[in-house]
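As structure tokens, the structure follows; a few thoughts come after it.
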There are 2 protein chains.
Amino acid sequence: MIPIVSIVGKSKVGKTTFMEKLIAELRSRGFRVAVIKHSAHDFEIDHPGKDTYRHAQAGAEAIAIASPHKVALVKSLEKEPSIQVVLDMIGPEYDIILTEGYKRGPFPKVEIYRKGISDRLVSREDDLIAIVTDNSFSIDKPHFDLEDASGVADLLEKRFLLARKSYERAL
Amino acid sequence: MIPIVSIVGKSKVGKTTFMEKLIAELRSRGFRVAVIKHSAHDFEIDHPGKDTYRHAQAGAEAIAIASPHKVALVKSLEKEPSIQVVLDMIGPEYDIILTEGYKRGPFPKVEIYRKGISDRLVSREDDLIAIVTDNSFSIDKPHFDLEDASGVADLLEKRFLLARKSYERAL
């Protein structure tokens with residue numbers, strides 16, 4: 001059971017930038033981090049001329065590349081994969097999985113709210129474990145400054161990561 | 001048990017080009033094809049500025065992107081993944097998996113040999129199920145012309161795909 005936390009917020013609010021800081025912070029504390037990005041639109045990860053692109057154009061529905069220190073996989077799908085399918089692909093060797101998006105998913109959420117961009121919280125209050133914001137809300141959840149990845153890392157560590165380490169030690 | 005066939009041969013012999021034709025041929029016959037490319041060197045699949053690249057630079061060791069019709073995953077590894085790990089990532093929904101490379105792997109092999117580029121067969125004779133070549137070898141295995149993806153598709157279909165379909169019907 002890897003803890004999964006979703007970083008949510010309106011488009012352009014700075015989710016990716018905040019996640020970069022949060023990933024680096026967790027990583028510097030020795031945790032292994034995986035990320036799932038939810039994209040509402042199809043994306044291109046490979047490019048014309050590359051072998052993988054050529055295989056896909058020819059009709060291969062899944063293309064993996066394995067190298068000494070990296071493995072990649074691109075699969076075409078008839079319908080959007082469930083989060084469980086994506087988790088199974090990722091595998092078990094991480095301490096925490098951060099998702100970018102999945103605001104309607106079942107995971108605890110850290111919402112980023114920026115004045116002038118956001119107009120309301122996109123999360124249900126019950127799902128929220130923290131708000132990263134330059135605003136203040138009358139909601140009884142921890143607030144963090146927009147730059148405070150370290151504060152959010154503290155929260156995740158206390159709430160999910162130390163408990164998991166103790167649990168694993170106890171096994 | 002998805003049949004797995006390796007397309008092997010010396011570097012620059014035309015493995016990718018032949019595979020494009022073979023994939024298109026199998027696909028046109030209604031088979032679902034997955035591909036594993038073995039790369040001796042690390043590769044870059046994402047690019048500076050992209051969100052996935054930013055997450056990887058920040059220290060995420062696995063990054064997935066899920067969209068309505070595609071899912072992609074890039075994992076950093078300490079050591080080269082076993083083929084089984086890659087197969088598990090790919091999943092069960094394909095009729096055949098073609099590998100590009102893995103010439104020392106345990107799978108039946110189609111070797112591409114081109115005069116002026118190849119100097120010897122890279123496969124052990126026992127592993128070979130076909131030779132795609134402009135040469136001729138005193139080896140009792142089917143030979144196909146360098147362009148004859150259709151002939152190789154016939155062979156794969158007879159040898160692996162029809163048998164599987166009959167087996168599945170019998171279940």
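Naming works like this for the structure tokens: A, B, ... for the chains as they're shown, residue 1 at the start of each chain, ligands 1 onward in shown order.
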List as a PDB file with C-alpha atoms, in the first residue's frame the protein and nucleic acid residues near Met1 in chain A, meaning an atom at most 12 Å away when only C-alpha atoms are counted, but skip any in the same chain fewer than 6 places from it.
ATOM      1  CA  GLN A  84      -5.299   1.024 -10.656  1.00  0.00           C
ATOM      2  CA  LEU A  87      -0.461   1.921 -10.372  1.00  0.00           C
ATOM      3  CA  ASP A  88       0.124  -1.663 -11.482  1.00  0.00           C
ATOM      4  CA  GLY A  91       5.111  -1.097  -9.463  1.00  0.00           C
ATOM      5  CA  PRO A  92       5.671  -1.302  -5.734  1.00  0.00           C
ATOM      6  CA  GLU A  93       9.130   0.152  -5.138  1.00  0.00           C
ATOM      7  CA  TYR A  94       8.210   3.731  -4.205  1.00  0.00           C
ATOM      8  CA  ASP A  95       7.536   5.390  -0.861  1.00  0.00           C
ATOM      9  CA  ILE A  96       4.916   7.778  -2.153  1.00  0.00           C
ATOM     10  CA  ILE A  97       3.040   8.495  -5.351  1.00  0.00           C
ATOM     11  CA  PHE A 160       2.050   8.986   5.548  1.00  0.00           C
ATOM     12  CA  LEU A 161       5.719   8.228   5.383  1.00  0.00           C
ATOM     13  CA  ALA A 163       3.834   5.646   9.713  1.00  0.00           C
ATOM     14  CA  ARG A 164       4.665   3.465   6.762  1.00  0.00           C
ATOM     15  CA  LYS A 165       8.283   3.094   7.806  1.00  0.00           C
ATOM     16  CA  TYR A 167       4.719  -0.349   9.904  1.00  0.00           C
ATOM     17  CA  GLU A 168       7.337  -1.913   7.666  1.00  0.00           C
TER      18      GLU A 168
END
Contacts of Thr133 in chain A at 8 Å (only C-alpha atoms; same-chain gap of 3+ positions) as an mmCIF file with all heavy atoms, in the first residue's frame:
data_model
loop_
_atom_site.group_PDB
_atom_site.id
_atom_site.type_symbol
_atom_site.label_atom_id
_atom_site.label_comp_id
_atom_site.auth_asym_id
_atom_site.auth_seq_id
_atom_site.Cartn_x
_atom_site.Cartn_y
_atom_site.Cartn_z
ATOM 1 N N ILE A 112 -3.693 23.635 -4.596
ATOM 2 C CA ILE A 112 -2.974 24.885 -4.805
ATOM 3 C C ILE A 112 -3.980 25.931 -5.291
ATOM 4 O O ILE A 112 -4.675 25.720 -6.291
ATOM 5 C CB ILE A 112 -1.835 24.693 -5.828
ATOM 6 C CG1 ILE A 112 -0.933 23.567 -5.319
ATOM 7 C CG2 ILE A 112 -1.056 25.985 -6.017
ATOM 8 C CD1 ILE A 112 0.233 23.245 -6.190
ATOM 9 N N TYR A 113 -4.052 27.023 -4.550
ATOM 10 C CA TYR A 113 -5.012 28.097 -4.854
ATOM 11 C C TYR A 113 -4.229 29.399 -4.898
ATOM 12 O O TYR A 113 -3.548 29.763 -3.933
ATOM 13 C CB TYR A 113 -6.087 28.157 -3.774
ATOM 14 C CG TYR A 113 -7.135 29.233 -4.002
ATOM 15 C CD1 TYR A 113 -8.420 28.899 -4.425
ATOM 16 C CD2 TYR A 113 -6.840 30.581 -3.781
ATOM 17 C CE1 TYR A 113 -9.384 29.872 -4.639
ATOM 18 C CE2 TYR A 113 -7.794 31.567 -3.999
ATOM 19 C CZ TYR A 113 -9.062 31.206 -4.426
ATOM 20 O OH TYR A 113 -10.012 32.168 -4.632
ATOM 21 N N ARG A 114 -4.315 30.084 -6.011
ATOM 22 C CA ARG A 114 -3.559 31.322 -6.180
ATOM 23 C C ARG A 114 -4.535 32.434 -6.527
ATOM 24 O O ARG A 114 -5.313 32.311 -7.478
ATOM 25 C CB ARG A 114 -2.557 31.124 -7.313
ATOM 26 C CG ARG A 114 -1.507 32.197 -7.476
ATOM 27 C CD ARG A 114 -0.628 31.898 -8.693
ATOM 28 N NE ARG A 114 0.169 30.704 -8.521
ATOM 29 C CZ ARG A 114 1.417 30.699 -8.019
ATOM 30 N NH1 ARG A 114 1.995 31.836 -7.657
ATOM 31 N NH2 ARG A 114 2.081 29.577 -7.896
ATOM 32 N N LYS A 115 -4.465 33.499 -5.759
ATOM 33 C CA LYS A 115 -5.357 34.640 -6.018
ATOM 34 C C LYS A 115 -5.129 35.157 -7.440
ATOM 35 O O LYS A 115 -4.003 35.201 -7.914
ATOM 36 C CB LYS A 115 -5.085 35.778 -5.029
ATOM 37 C CG LYS A 115 -5.713 35.517 -3.654
ATOM 38 C CD LYS A 115 -5.704 36.762 -2.764
ATOM 39 C CE LYS A 115 -4.322 36.988 -2.149
ATOM 40 N NZ LYS A 115 -4.333 37.916 -1.009
ATOM 41 N N SER A 136 -6.572 33.017 2.337
ATOM 42 C CA SER A 136 -6.836 32.282 3.558
ATOM 43 C C SER A 136 -8.291 31.851 3.532
ATOM 44 O O SER A 136 -9.162 32.563 3.021
ATOM 45 C CB SER A 136 -6.462 33.129 4.768
ATOM 46 O OG SER A 136 -7.573 33.377 5.563
ATOM 47 N N HIS A 143 -2.735 25.425 6.189
ATOM 48 C CA HIS A 143 -2.417 26.295 5.054
ATOM 49 C C HIS A 143 -0.897 26.406 4.919
ATOM 50 O O HIS A 143 -0.182 26.456 5.912
ATOM 51 C CB HIS A 143 -2.956 27.707 5.311
ATOM 52 C CG HIS A 143 -4.449 27.842 5.146
ATOM 53 N ND1 HIS A 143 -5.357 27.019 5.770
ATOM 54 C CD2 HIS A 143 -5.181 28.737 4.401
ATOM 55 C CE1 HIS A 143 -6.588 27.398 5.442
ATOM 56 N NE2 HIS A 143 -6.509 28.432 4.617
ATOM 57 N N PHE A 144 -0.403 26.453 3.694
ATOM 58 C CA PHE A 144 1.025 26.652 3.444
ATOM 59 C C PHE A 144 1.194 27.742 2.403
ATOM 60 O O PHE A 144 0.351 27.900 1.511
ATOM 61 C CB PHE A 144 1.676 25.358 2.935
ATOM 62 C CG PHE A 144 1.627 24.239 3.938
ATOM 63 C CD1 PHE A 144 0.578 23.329 3.934
ATOM 64 C CD2 PHE A 144 2.620 24.108 4.898
ATOM 65 C CE1 PHE A 144 0.513 22.308 4.862
ATOM 66 C CE2 PHE A 144 2.569 23.072 5.837
ATOM 67 C CZ PHE A 144 1.516 22.166 5.827
ATOM 68 N N ASP A 145 2.300 28.467 2.508
ATOM 69 C CA ASP A 145 2.609 29.454 1.465
ATOM 70 C C ASP A 145 2.866 28.760 0.129
ATOM 71 O O ASP A 145 3.254 27.586 0.089
ATOM 72 C CB ASP A 145 3.874 30.242 1.843
ATOM 73 C CG ASP A 145 3.590 31.226 2.969
ATOM 74 O OD1 ASP A 145 2.399 31.510 3.226
ATOM 75 O OD2 ASP A 145 4.561 31.681 3.596
ATOM 76 N N LEU A 146 2.726 29.528 -0.928
ATOM 77 C CA LEU A 146 2.877 28.963 -2.281
ATOM 78 C C LEU A 146 4.270 28.366 -2.531
ATOM 79 O O LEU A 146 4.422 27.495 -3.384
ATOM 80 C CB LEU A 146 2.571 30.035 -3.339
ATOM 81 C CG LEU A 146 1.079 30.409 -3.472
ATOM 82 C CD1 LEU A 146 0.917 31.679 -4.307
ATOM 83 C CD2 LEU A 146 0.276 29.266 -4.079
#
- Tell me, in Å to one decimal, how far CA of Leu128 in chain A is from CA of Val110 in chain A.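 Here the two named atoms are 6.0 Å from each other.
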- Query: Got a sec: who's within 8 Å of Thr99 in chain A, counting only C-alpha atoms, leaving out chain neighbours fewer than 3 positions off, as a ChimeraX atom specification?
  - Reply: /A:4-7,35-38,102
- Would you give me, as a ChimeraX atom specification, the residues of chain B that come within 7 Å of chain A, using only C-alpha atoms? /B:16,20,23-24,27,32-42,45-46,51,54-55,58-81,89-90
- Could you give me the residues within chain B that DSSP places in strand (DSSP E), as a ChimeraX atom specification? /B:4-8,33-38,62-67,70-76,96-100,109-113,128-133,143-144
- Task: Going by DSSP on the backbone, which bits of range 50-137 of chain A are alpha helix (DSSP H)? Write them as a list in words, please.
- Result: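 Restricting range 50-137 of chain A to alpha helix (DSSP H) produces Asp51, Thr52, Tyr53, Arg54, His55, Ala56, Gln57, Ala58, Ile83, Gln84, Val85, Val86, Leu87, Asp88, Met89 and Ile90 of chain A.
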- Pick the closest to Val152 in chain A from A:Lys10, A:Lys109, A:Arg104, A:Arg124: which is it, counting only C-alpha atoms?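 Ranking A:Lys10, A:Lys109, A:Arg104, A:Arg124 by distance to Val152 in chain A, first place goes to A:Lys109.
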